[in-house]
Amino acid sequence: MSAYHRLADIQADLAAGKTTCVALAEGYLSRIKARPELNAFLEVFEEELLQQAAAQDARRAEGQPLGRLHGLIIGLKDNIAYQGHRFSASSKILEGFESLFSATVTERLLAEDALIIGRLNCDEFAMGSSNENSAYGPVRHPLDTERVPGGSSGGSAAAVAANLCHAALGTDTGGSIRQPASLCGIYGLKPTYGRISRHGLIAYGSSFDQAGPMTRSLEDCALLLEVMAGPDQFDATAARKPVPAYSDYQPASGTMRFAVYEEVLQGGLEPELEAAFKAKIEALKEAGHTVDFVKFPYLDLLVPVYYLLATAEASSNLSRYTGVLYGKRSPEATDLRTTYTLSRSQGFGEEVKRRIMLGTFVLSEGYYDAFYGKAQKVRRVVRDETRKLLESHDAILSPTSPVAAFKLGEKSNDPIQLYLADIFTVQANIVGMPAITVPFANNSAGLPYGLQLMCGPWQEEKLFSLTAAIE
Amino acid sequence: MQIDKETVRKLAHLARLEFDENSAETMVNDMNRMLDFVAKLDAIDVSQVEPLIYMNEDVNVWRKDEVINTITHEEALKNAPKKDTDFFRVPKVIEK
């Protein structure tokens, strides 16, 4: 079976009788079994998938109407709820936990006949950029198993790249969809804050988190966004704005104006990436587009602002894990205090504890204004300046990650080195704007590089049109 | 600002976490490195800027206050680490 890139091709073959959902499902399941070393899935819903695939094949045979995502075999990052299924955020503290309800995004996929194949590994509570922070072991890069797939949606990216499922959902708090998508050579979208409901996502940084699609084509990315976007009675931060027909996008015509930060080309990229990015810029200019090199004096501040605010939100969000109502309770707990402290200390991994501690510090009496309050003010400056820049430019262009996939262990002993992997992605989360990564080059070892385009708020349509025009 | 072991001990208490001697030492180092890293914010004067707190643009999003039974008693207890027929069980909180 050839590897499909577009759902439309799968659906055409289904309609023509060239394949069936069961055959598709068996293909993905056998490829998952052939690549256990990737550790991309925490759980595969094998029997359930085969039953649902057979049911869908039967409905097609009877001529019944099928949803827009029929034939789509999709995986969910393990921080997106699916009713009646285990749910862990790759953390020991949620060992054995089973979700009582489905996330709104999960409901919307199912309502359009998507078939869910399993739970995908990720960094614990979505905290990480290499997928080395999972309590269930690291995910490995499909093209080189000595390397990381990126994170935190590393299982999602690796699974889609290795064709273990056709698409996946990820979540993106500081780059957790786009950075692994870039490292694995697939498409990944972080929508505008509020475009997609967060109901049923395990919260990390609530003013940053967005779910989004990770796909093998731009078309599928747009279609999945269209299906998932829109208001939700369970999430007041999900915007009331109407959902455009994203999947109807056309490649933008005419010439466009892109902004590139000067600093990006001042030694921050690995040499092969710098060459590829410069070549891309030249190609855009030759096609008649304008590329302006602009100064963005806040670039250095982005990752610090992100870590101050996201860890503060995390320390608050993760206070719910106490070993009392659900999740793991320490067997050594003898009173209420040790129920909390031992359950949490034994249940959380190192990086999660580090972030809870930093977040607790920046919110604590005497330091709140100097750290948390200040970061919120810088957040406004960064948002306003980004808006200004996007008034005069169609999009901000950068590599998605400053490096290709790196080796396991290469950065894991230095948290700050790892945090800097997010340097180009965090801005979209800080300002709440949409950004996409598209594969655009490979290095000499064949590892992919992603190109990131970021547009103004609610401009996902434009993002798809621009991407289609320049990729 | 320098974090020392005493600060880590206080913060750990606030966060309901515990660290042994070794990991407390590591945490002191890690937190100090992170504070050095975020000290880049000292370079910008934002004394006249209002903090950005809410990212959503909609204000006062209303919906009908309808009573919906979203989960049953049994479901609510389903994931409890310890329970009896009706209640979550925790170790004794108040000594007699």
# chains A, B, ... in the order shown; residues from 1 in each chain; ligands from 1
>>> closest_atom_pairs(of="chain B", to="chain A", cutoff="7 Å", atoms="only C-alpha atoms", output="JSON lines")
{"residue": "B:Leu11", "atom": "CA", "partner": "A:Phe361", "partner_atom": "CA", "distance": 6.5}
{"residue": "B:Ala12", "atom": "CA", "partner": "A:Met357", "partner_atom": "CA", "distance": 6.9}
{"residue": "B:Ala15", "atom": "CA", "partner": "A:Thr360", "partner_atom": "CA", "distance": 6.6}
{"residue": "B:Arg16", "atom": "CA", "partner": "A:Thr341", "partner_atom": "CA", "distance": 4.7}
{"residue": "B:Leu17", "atom": "CA", "partner": "A:Thr341", "partner_atom": "CA", "distance": 4.8}
{"residue": "B:Glu18", "atom": "CA", "partner": "A:Ser345", "partner_atom": "CA", "distance": 5.9}
{"residue": "B:Met31", "atom": "CA", "partner": "A:Leu358", "partner_atom": "CA", "distance": 6.7}
{"residue": "B:Phe37", "atom": "CA", "partner": "A:Pro304", "partner_atom": "CA", "distance": 6.8}
{"residue": "B:Val38", "atom": "CA", "partner": "A:Pro304", "partner_atom": "CA", "distance": 4.6}
{"residue": "B:Lys40", "atom": "CA", "partner": "A:Leu301", "partner_atom": "CA", "distance": 6.4}
{"residue": "B:Leu41", "atom": "CA", "partner": "A:Leu301", "partner_atom": "CA", "distance": 6.2}
{"residue": "B:Val46", "atom": "CA", "partner": "A:Lys377", "partner_atom": "CA", "distance": 6.3}
{"residue": "B:Val49", "atom": "CA", "partner": "A:Lys377", "partner_atom": "CA", "distance": 5.8}
{"residue": "B:Glu50", "atom": "CA", "partner": "A:Lys377", "partner_atom": "CA", "distance": 5.8}
{"residue": "B:Pro51", "atom": "CA", "partner": "A:Lys377", "partner_atom": "CA", "distance": 4.0}
{"residue": "B:Leu52", "atom": "CA", "partner": "A:Arg380", "partner_atom": "CA", "distance": 5.1}
{"residue": "B:Ile53", "atom": "CA", "partner": "A:Gln376", "partner_atom": "CA", "distance": 6.6}
{"residue": "B:Met55", "atom": "CA", "partner": "A:Ser207", "partner_atom": "CA", "distance": 6.2}
{"residue": "B:Asn56", "atom": "CA", "partner": "A:Thr237", "partner_atom": "CA", "distance": 5.7}
{"residue": "B:Asp58", "atom": "CA", "partner": "A:Ala239", "partner_atom": "CA", "distance": 6.7}
{"residue": "B:Val61", "atom": "CA", "partner": "A:Ala236", "partner_atom": "CA", "distance": 6.1}
{"residue": "B:Asn79", "atom": "CA", "partner": "A:Tyr326", "partner_atom": "CA", "distance": 4.9}
{"residue": "B:Ala80", "atom": "CA", "partner": "A:Tyr326", "partner_atom": "CA", "distance": 4.4}
{"residue": "B:Pro81", "atom": "CA", "partner": "A:Tyr326", "partner_atom": "CA", "distance": 5.8}
{"residue": "B:Phe88", "atom": "CA", "partner": "A:Leu325", "partner_atom": "CA", "distance": 6.6}
{"residue": "B:Val90", "atom": "CA", "partner": "A:Val324", "partner_atom": "CA", "distance": 6.7}
{"residue": "B:Pro91", "atom": "CA", "partner": "A:Asp335", "partner_atom": "CA", "distance": 4.9}
{"residue": "B:Lys92", "atom": "CA", "partner": "A:Asp335", "partner_atom": "CA", "distance": 6.0}
{"residue": "B:Val93", "atom": "CA", "partner": "A:Leu336", "partner_atom": "CA", "distance": 5.9}
>>> select_by_dssp(residues="segment 13-90 of chain B", states="alpha helix (DSSP H)", output="list of chain:residue names")
B:His13, B:Leu14, B:Glu21, B:Asn22, B:Ser23, B:Ala24, B:Glu25, B:Thr26, B:Met27, B:Val28, B:Asn29, B:Asp30, B:Met31, B:Asn32, B:Arg33, B:Met34, B:Leu35, B:Asp36, B:Phe37, B:Val38, B:His73, B:Glu74, B:Glu75, B:Ala76, B:Leu77, B:Lys78
>>> residues_around(residues="Tyr82 of chain A", least_positions_apart="3", cutoff="12 Å", atoms="only C-alpha atoms", output="number ranges by chain")
A: 45, 75-79, 85-88, 97-110, 116-119, 199-202
>>> residues_around(residues="Tyr246 of chain A", least_positions_apart="6", cutoff="9 Å", atoms="only C-alpha atoms", output="list in words")
Ala222, Leu223, Leu224, Leu225, Glu226, Glu460, Glu461 and Phe464 of chain A
>>> write_last_selection(atoms="C-alpha atoms", output="mmCIF file, in the first residue's frame")
data_model
loop_
_atom_site.group_PDB
_atom_site.id
_atom_site.type_symbol
_atom_site.label_atom_id
_atom_site.label_comp_id
_atom_site.auth_asym_id
_atom_site.auth_seq_id
_atom_site.Cartn_x
_atom_site.Cartn_y
_atom_site.Cartn_z
ATOM 1 C CA ALA A 222 -7.083 22.932 7.215
ATOM 2 C CA LEU A 223 -9.877 20.354 7.229
ATOM 3 C CA LEU A 224 -9.131 19.227 10.782
ATOM 4 C CA LEU A 225 -9.056 22.803 12.021
ATOM 5 C CA GLU A 226 -12.417 23.461 10.365
ATOM 6 C CA GLU A 460 -5.746 30.950 9.777
ATOM 7 C CA GLU A 461 -7.317 31.235 6.299
ATOM 8 C CA PHE A 464 -3.185 28.346 4.701
#
>>> residues_around(residues="Val291 of chain A", least_positions_apart="2", cutoff="10 Å", atoms="only C-alpha atoms", output="PyMOL selection string")
chain A and resi 256-260+281-282+284-285+288-289+293-294+393+395-397
>>> atom_distance(atom1="atom CA of Gln250 of chain A", atom2="atom CA of Asp220 of chain A")
13.8 Å
>>> residues_around(residues="Leu265 of chain A", least_positions_apart="5", cutoff="10 Å", atoms="only C-alpha atoms", output="MDAnalysis selection string")
chainID A and resid 260 274:275 277:278 293 398
>>> residues_around(residues="Met1 of chain B", least_positions_apart="6", cutoff="9 Å", atoms="only C-alpha atoms", output="NGL selection string")
:B and (32 or 35-36)
